[in-house]
Amino acid sequence: PARLSIMAALSVTYEIEFAVMRDTINISDSLLSRYISILEAAGYINIRKAFVDKRPKTWLSLTEQGRTAFKAHVQTLQNIVGQKPR
């Protein structure tokens, strides 16, 4: 459920900062870090790190592969519950 939430949040935007994602899906930093590492290894998300005002920041975004996989997963779920795609 958390990885699906991450993918869903990223599917509607270009990029999300780590803390915003954490707060959006209500998950701990350590779990979010673990899940984004898994999604990055699968090729579904990009992780970008930089310093802003001397503080490290991390941004997340979907790759094209990730966007395609998420759309396919949503389509499968819609098929399971008998809904037609929009």
# chains A, B, ... in the order shown; residues from 1 in each chain; ligands from 1
>>> residues_around(residues="Ser61 in chain A", least_positions_apart="3", cutoff="7 Å", atoms="only C-alpha atoms", output="ChimeraX atom specification")
/A:10,14-16,45-47
>>> select_by_dssp(residues="range 14-77 of chain A", states="helix (DSSP H, G or I)", output="MDAnalysis selection string")
chainID A and resid 18:25 29:41 64:77
>>> closest_residue(among="A:Lys57, A:Phe70, A:Asp29, A:Ala19", to="Tyr44 in chain A", atoms="only C-alpha atoms")
A:Phe70
>>> atom_distance(atom1="CA of Met21 in chain A", atom2="CA of Arg55 in chain A")
17.5 Å
>>> atom_distance(atom1="CA of Arg3 in chain A", atom2="CA of Val81 in chain A")
20.3 Å
>>> atom_distance(atom1="CA of Ile6 in chain A", atom2="CA of Gln75 in chain A")
17.1 Å
>>> residues_around(residues="Gly66 in chain A", least_positions_apart="3", cutoff="9 Å", atoms="only C-alpha atoms", output="number ranges by chain")
A: 7, 11, 39, 42-45, 62-63, 69-71
>>> select_by_dssp(residues="chain A", states="strand (DSSP E)", output="PyMOL selection string")
chain A and resi 16-17+45-52+55-62
>>> closest_residue(among="A:Ile36, A:Trp59, A:Arg48, A:Leu31", to="Phe18 in chain A", atoms="only C-alpha atoms")
A:Trp59
>>> closest_residue(among="A:Ser33, A:His73, A:Ile80, A:Arg67", to="Val12 in chain A", atoms="only C-alpha atoms")
A:Arg67
